[in-house]
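Asker: Pasting in a structure now, in structure tokens, and then I'll have a few things to ask.
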Amino acid sequence: MGNSFHGIIAFALLAGMLALGGILRRHIPILQKTLIPASILGGLIGFVLLSLGWIPGYTPSDFNSLTFHFFTLSFMSLCLTGSSKDKSLSGGSIAKGGMWLSLIWTSSLGLQVLIGYGMIVLYDQVTGSQVGPMLGALITHGFTQGPGQALTYGTIWEQEYGITNAAQVGLIYASLGFLAAFVVGVPAAQRIIRKGMNLNKKSSIDQTFLQGFYQKETGHTTTREVSHSANMDSFGWHLGLLGVAYGITYVWLNFMQGVVAGKAPWGLSLEVLFSHNMFFVHGMIVCVLMRMVIDKMGWAHFVDDETMKRITGASVDFMVVGTIMSIAFAVLYSLLVPILLVSAAVTIATFILCWYCGKLSGKLGPERAITSFGCCTGSTGTGLLLLRLVDADFSTSVGKELAFFNLAIVLINLPVLYIVTPIAPSLSPNTYLLVFAATTFIPLALMPLLMLKKKSSSVGFAKSNVVVGE
């Protein structure tokens, strides 16, 4: 049985680092002031311990798989979550709100490629280095897409096209994206809360908020048991639903791999689209379809949305810890300067894009702006973490808009993500940059169409910012 413990202990290390991060946040005032989440703290501690070799028998690569699966679970569970019942916390149509998030994300996807590619071209010319612009462009898959996709595309580029260290650089960008989200996003969230710009007033910066733990007399439970304990535990039932979704997705992918084996229309290998690296996309679709069936059949009372939210939140926490612990120090050290230059430039540009586009989206503009920034600097999970600061219990419609967003960005960006990106290193620079220039500016041109019915709300939000700044 001894051989079976390696993966379990890897998960135990993730959980232990998360708990240690929570304890540090609970007792160190400077960490409370900066609102650094336990997942970031735990991940950084784990990264240092692994880099120093103080965790015998484990290397950063041992945490890649866990990171990928928690990333997948984080929004598979979100897609099984129902809509908020509190209409006062709704920003209107979930589809329209989701489209705002989707257009911002899509524009960021292209903008980050242009900046990253251009920065490395300039860096190589000035320093005489040969880093290669594709390692700069890879930032969009670490920032805007997150660790799962950064690892996926980085691995493809490295194995199929010889882009050295692409997988590790992708993970480094993903980790730096998480840090950027909180270095920039947390102060922005604090300002939103202090100025009362957020709709959900349950989010306030009190002692509980700062320490990250409820006091004995203030702790509370929001979940609802849907199964009798004599039959099965309610939490186990919800994990079972996700297990069913995981199983369906796995069987589907295995079936389709046999169907598309060896097929490559227009030079595109369909096997890439149905590989296990793309599990998160197919799993998300399966969960959306499952939720539609559950609602249509009148079975919604058998799914507690708050329990699903807890699973989503826990998956996000473990994913962040695992991503940071997956970084190989040697690769980070050798490419530190160009990586930091690209990351800094992209962070600034992304925040400006998300903040000003979010402002235009209506009464949930602040929530969408901060959530978009999180999504565009890490993953949907990072967006959820920042949203959780200004919408403590996910009561506004933005959380549900993210479920729509997850589907919309796949459909909108299908050609870019699943045709262009896997074969990107084989394209000419002009073709590659033209595609991502269009990805940047077409969504910006479409935003006025969404503003037509939101003009009054947008003006109200803009005015509230003017008053706040005075």
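Labels for the structure tokens follow display order: chains A, B, ..., residues from 1 in each chain, ligands from 1.
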Any idea what's packed within 6 Å of segment 279-281 of chain A, counting only C-alpha atoms, ignoring anything in its chain fewer than 3 positions away? Could you give it as a list in words?

Answerer: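 Neighbouring residues, sequence-local ones excluded: Thr72, His276 and Met284 of chain A.
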
Asker: I'd like a table as a Markdown table: residues in segment 295-385 of chain A with an atom no more than 12 Å from segment 285-291 of chain A, each row giving the shortest atom pair and its distance in Å to one decimal, only C-alpha atoms counted, sorted by chain and rising residue number.

Answerer:
```
| residue | atom | partner | partner_atom | distance |
| --- | --- | --- | --- | --- |
| A:Asp295 | CA | A:Arg291 | CA | 6.1 |
| A:Lys296 | CA | A:Arg291 | CA | 8.4 |
| A:Met297 | CA | A:Arg291 | CA | 9.9 |
| A:Gly298 | CA | A:Arg291 | CA | 10.6 |
| A:Trp299 | CA | A:Arg291 | CA | 9.4 |
| A:Ala300 | CA | A:Arg291 | CA | 8.4 |
| A:His301 | CA | A:Arg291 | CA | 11.9 |
| A:Phe302 | CA | A:Arg291 | CA | 11.3 |
| A:Val303 | CA | A:Arg291 | CA | 9.5 |
| A:Asp305 | CA | A:Arg291 | CA | 11.2 |
| A:Met308 | CA | A:Arg291 | CA | 11.9 |
```

Asker: Under the rule that only C-alpha atoms are counted, which of A:Gly162, A:Gly22, A:Gly283, A:Gly399 is the nearest residue to Ile248 of chain A?

Answerer: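 Smallest separation from Ile248 of chain A among the options: A:Gly283.
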
Asker: Any idea what the distance is between atom CA of Leu176 of chain A and atom CA of Ile324 of chain A?

Answerer: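 Going from atom CA of Leu176 of chain A over to atom CA of Ile324 of chain A covers 8.6 Å.
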
Asker: Taking only C-alpha atoms into account, name the residue in A:Leu446, A:Met278, A:Ile348, A:Ile193 that is nearest to Leu253 of chain A.

Answerer: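 The closest residue to Leu253 of chain A is A:Met278.
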
Asker: Residues near Tyr356 of chain A, anyone? I mean within 10 Å using only C-alpha atoms, not counting same-chain ones fewer than 3 positions away, as a list in words.

Answerer: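 Everything that qualifies: Ile104, Phe351, Ile352, Leu353, Lys359, Leu360, Ser361, Gly365, Pro366, Ala369 and Ala462 of chain A.
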
Asker: With C-alpha atoms retained, export the selected residues as a tab-separated table (two decimals), in the first residue's frame.

Answerer:
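The resulting result31.tsv:
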```
chain	number	residue	atom	x	y	z
A	104	ILE	CA	-13.69	42.24	-21.80
A	351	PHE	CA	-6.38	46.66	-15.21
A	352	ILE	CA	-7.04	49.76	-17.28
A	353	LEU	CA	-9.02	47.72	-19.82
A	359	LYS	CA	-17.65	50.87	-15.60
A	360	LEU	CA	-19.79	50.93	-18.72
A	361	SER	CA	-21.70	47.73	-17.95
A	365	GLY	CA	-20.00	47.67	-12.95
A	366	PRO	CA	-17.59	47.57	-9.98
A	369	ALA	CA	-14.63	45.21	-13.34
A	462	ALA	CA	-19.89	57.04	-13.79
```

Asker: Got a sec to tell me which of segment 99-164 of chain A DSSP assigns to alpha helix (DSSP H), as a PyMOL selection string?

Answerer: chain A and resi 99-127+133-137+139-140+147-161

Asker: Store the residues picked out above in a file with C-alpha atoms, as a PDB file, in the first residue's frame.

Answerer:
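For reference, selection-v2.pdb as written:
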```pdb
ATOM      1  CA  MET A  99     -21.491  39.097 -22.529  1.00  0.00           C
ATOM      2  CA  TRP A 100     -19.855  42.111 -20.877  1.00  0.00           C
ATOM      3  CA  LEU A 101     -17.480  39.793 -19.043  1.00  0.00           C
ATOM      4  CA  SER A 102     -16.887  37.820 -22.245  1.00  0.00           C
ATOM      5  CA  LEU A 103     -16.063  40.835 -24.411  1.00  0.00           C
ATOM      6  CA  ILE A 104     -13.687  42.242 -21.801  1.00  0.00           C
ATOM      7  CA  TRP A 105     -11.968  38.865 -21.472  1.00  0.00           C
ATOM      8  CA  THR A 106     -11.705  38.403 -25.238  1.00  0.00           C
ATOM      9  CA  SER A 107     -10.191  41.839 -25.718  1.00  0.00           C
ATOM     10  CA  SER A 108      -7.721  41.120 -22.931  1.00  0.00           C
ATOM     11  CA  LEU A 109      -6.808  37.812 -24.564  1.00  0.00           C
ATOM     12  CA  GLY A 110      -5.625  39.653 -27.672  1.00  0.00           C
ATOM     13  CA  LEU A 111      -4.142  42.667 -25.918  1.00  0.00           C
ATOM     14  CA  GLN A 112      -1.894  40.537 -23.727  1.00  0.00           C
ATOM     15  CA  VAL A 113      -0.532  38.669 -26.751  1.00  0.00           C
ATOM     16  CA  LEU A 114       0.328  41.927 -28.513  1.00  0.00           C
ATOM     17  CA  ILE A 115       2.055  43.370 -25.453  1.00  0.00           C
ATOM     18  CA  GLY A 116       3.885  40.171 -24.510  1.00  0.00           C
ATOM     19  CA  TYR A 117       5.053  39.464 -28.047  1.00  0.00           C
ATOM     20  CA  GLY A 118       6.188  43.047 -28.595  1.00  0.00           C
ATOM     21  CA  MET A 119       7.982  43.293 -25.240  1.00  0.00           C
ATOM     22  CA  ILE A 120      10.104  40.200 -25.907  1.00  0.00           C
ATOM     23  CA  VAL A 121      10.936  41.311 -29.456  1.00  0.00           C
ATOM     24  CA  LEU A 122      12.172  44.597 -27.982  1.00  0.00           C
ATOM     25  CA  TYR A 123      13.979  42.835 -25.117  1.00  0.00           C
ATOM     26  CA  ASP A 124      15.816  40.484 -27.494  1.00  0.00           C
ATOM     27  CA  GLN A 125      16.862  43.380 -29.724  1.00  0.00           C
ATOM     28  CA  VAL A 126      18.154  45.510 -26.836  1.00  0.00           C
ATOM     29  CA  THR A 127      19.943  42.752 -24.899  1.00  0.00           C
ATOM     30  CA  PRO A 133       8.551  36.306 -28.755  1.00  0.00           C
ATOM     31  CA  MET A 134       6.311  33.249 -28.369  1.00  0.00           C
ATOM     32  CA  LEU A 135       7.372  32.999 -24.711  1.00  0.00           C
ATOM     33  CA  GLY A 136       6.144  36.578 -24.364  1.00  0.00           C
ATOM     34  CA  ALA A 137       2.860  35.831 -26.141  1.00  0.00           C
ATOM     35  CA  ILE A 139       1.472  35.271 -21.029  1.00  0.00           C
ATOM     36  CA  THR A 140      -2.113  35.498 -22.240  1.00  0.00           C
ATOM     37  CA  PRO A 147      -2.791  27.509 -15.186  1.00  0.00           C
ATOM     38  CA  GLY A 148      -4.700  24.720 -16.914  1.00  0.00           C
ATOM     39  CA  GLN A 149      -4.523  26.289 -20.359  1.00  0.00           C
ATOM     40  CA  ALA A 150      -1.010  27.673 -19.828  1.00  0.00           C
ATOM     41  CA  LEU A 151       0.173  24.170 -19.043  1.00  0.00           C
ATOM     42  CA  THR A 152      -1.803  22.723 -21.967  1.00  0.00           C
ATOM     43  CA  TYR A 153      -0.593  25.096 -24.676  1.00  0.00           C
ATOM     44  CA  GLY A 154       2.881  25.407 -23.200  1.00  0.00           C
ATOM     45  CA  THR A 155       3.257  21.628 -23.357  1.00  0.00           C
ATOM     46  CA  ILE A 156       2.011  21.507 -26.965  1.00  0.00           C
ATOM     47  CA  TRP A 157       4.369  24.298 -28.032  1.00  0.00           C
ATOM     48  CA  GLU A 158       7.273  22.681 -26.252  1.00  0.00           C
ATOM     49  CA  GLN A 159       6.717  19.130 -27.481  1.00  0.00           C
ATOM     50  CA  GLU A 160       5.495  19.852 -31.020  1.00  0.00           C
ATOM     51  CA  TYR A 161       7.410  23.012 -31.927  1.00  0.00           C
TER      52      TYR A 161
END
```

Asker: Applying 12 Å and only C-alpha atoms, which residues near Ser334 of chain A remain after dropping the ones on its own chain fewer than 5 positions away? List them as a PyMOL selection string.

Answerer: chain A and resi 129+131+165+168-169+172+328-329+339-340

Asker: Which residues come within 12 Å of Val420 of chain A, counting only C-alpha atoms, excluding same-chain residues fewer than 3 positions away, as a PDB file with C-alpha atoms, in the first residue's frame?

Answerer:
```
ATOM      1  CA  TYR A 153      -0.593  25.096 -24.676  1.00  0.00           C
ATOM      2  CA  TRP A 266      -6.870  21.855 -42.870  1.00  0.00           C
ATOM      3  CA  GLY A 267      -3.809  20.667 -40.984  1.00  0.00           C
ATOM      4  CA  LEU A 268      -5.550  20.865 -37.603  1.00  0.00           C
ATOM      5  CA  SER A 269      -5.199  17.760 -35.468  1.00  0.00           C
ATOM      6  CA  LEU A 273      -9.333  19.223 -29.309  1.00  0.00           C
ATOM      7  CA  ASN A 413     -12.936  32.379 -29.210  1.00  0.00           C
ATOM      8  CA  LEU A 414     -13.256  28.873 -30.595  1.00  0.00           C
ATOM      9  CA  PRO A 415     -11.193  29.572 -33.751  1.00  0.00           C
ATOM     10  CA  VAL A 416      -8.526  31.469 -31.826  1.00  0.00           C
ATOM     11  CA  LEU A 417      -8.177  29.070 -28.897  1.00  0.00           C
ATOM     12  CA  ILE A 423      -0.411  25.666 -34.020  1.00  0.00           C
ATOM     13  CA  ALA A 424       0.660  29.255 -33.239  1.00  0.00           C
ATOM     14  CA  PRO A 425       4.427  28.673 -33.479  1.00  0.00           C
ATOM     15  CA  SER A 426       3.977  27.415 -37.057  1.00  0.00           C
ATOM     16  CA  LEU A 427       2.227  30.620 -38.221  1.00  0.00           C
ATOM     17  CA  SER A 428       3.975  33.618 -39.702  1.00  0.00           C
ATOM     18  CA  THR A 431      -0.684  36.248 -39.438  1.00  0.00           C
ATOM     19  CA  TYR A 432      -0.406  35.540 -35.727  1.00  0.00           C
ATOM     20  CA  LEU A 433      -0.372  39.213 -34.724  1.00  0.00           C
ATOM     21  CA  LEU A 434      -3.213  40.090 -37.110  1.00  0.00           C
ATOM     22  CA  VAL A 435      -5.432  37.439 -35.529  1.00  0.00           C
ATOM     23  CA  PHE A 436      -4.824  38.767 -32.034  1.00  0.00           C
ATOM     24  CA  THR A 439      -9.279  39.671 -31.052  1.00  0.00           C
TER      25      THR A 439
END
```
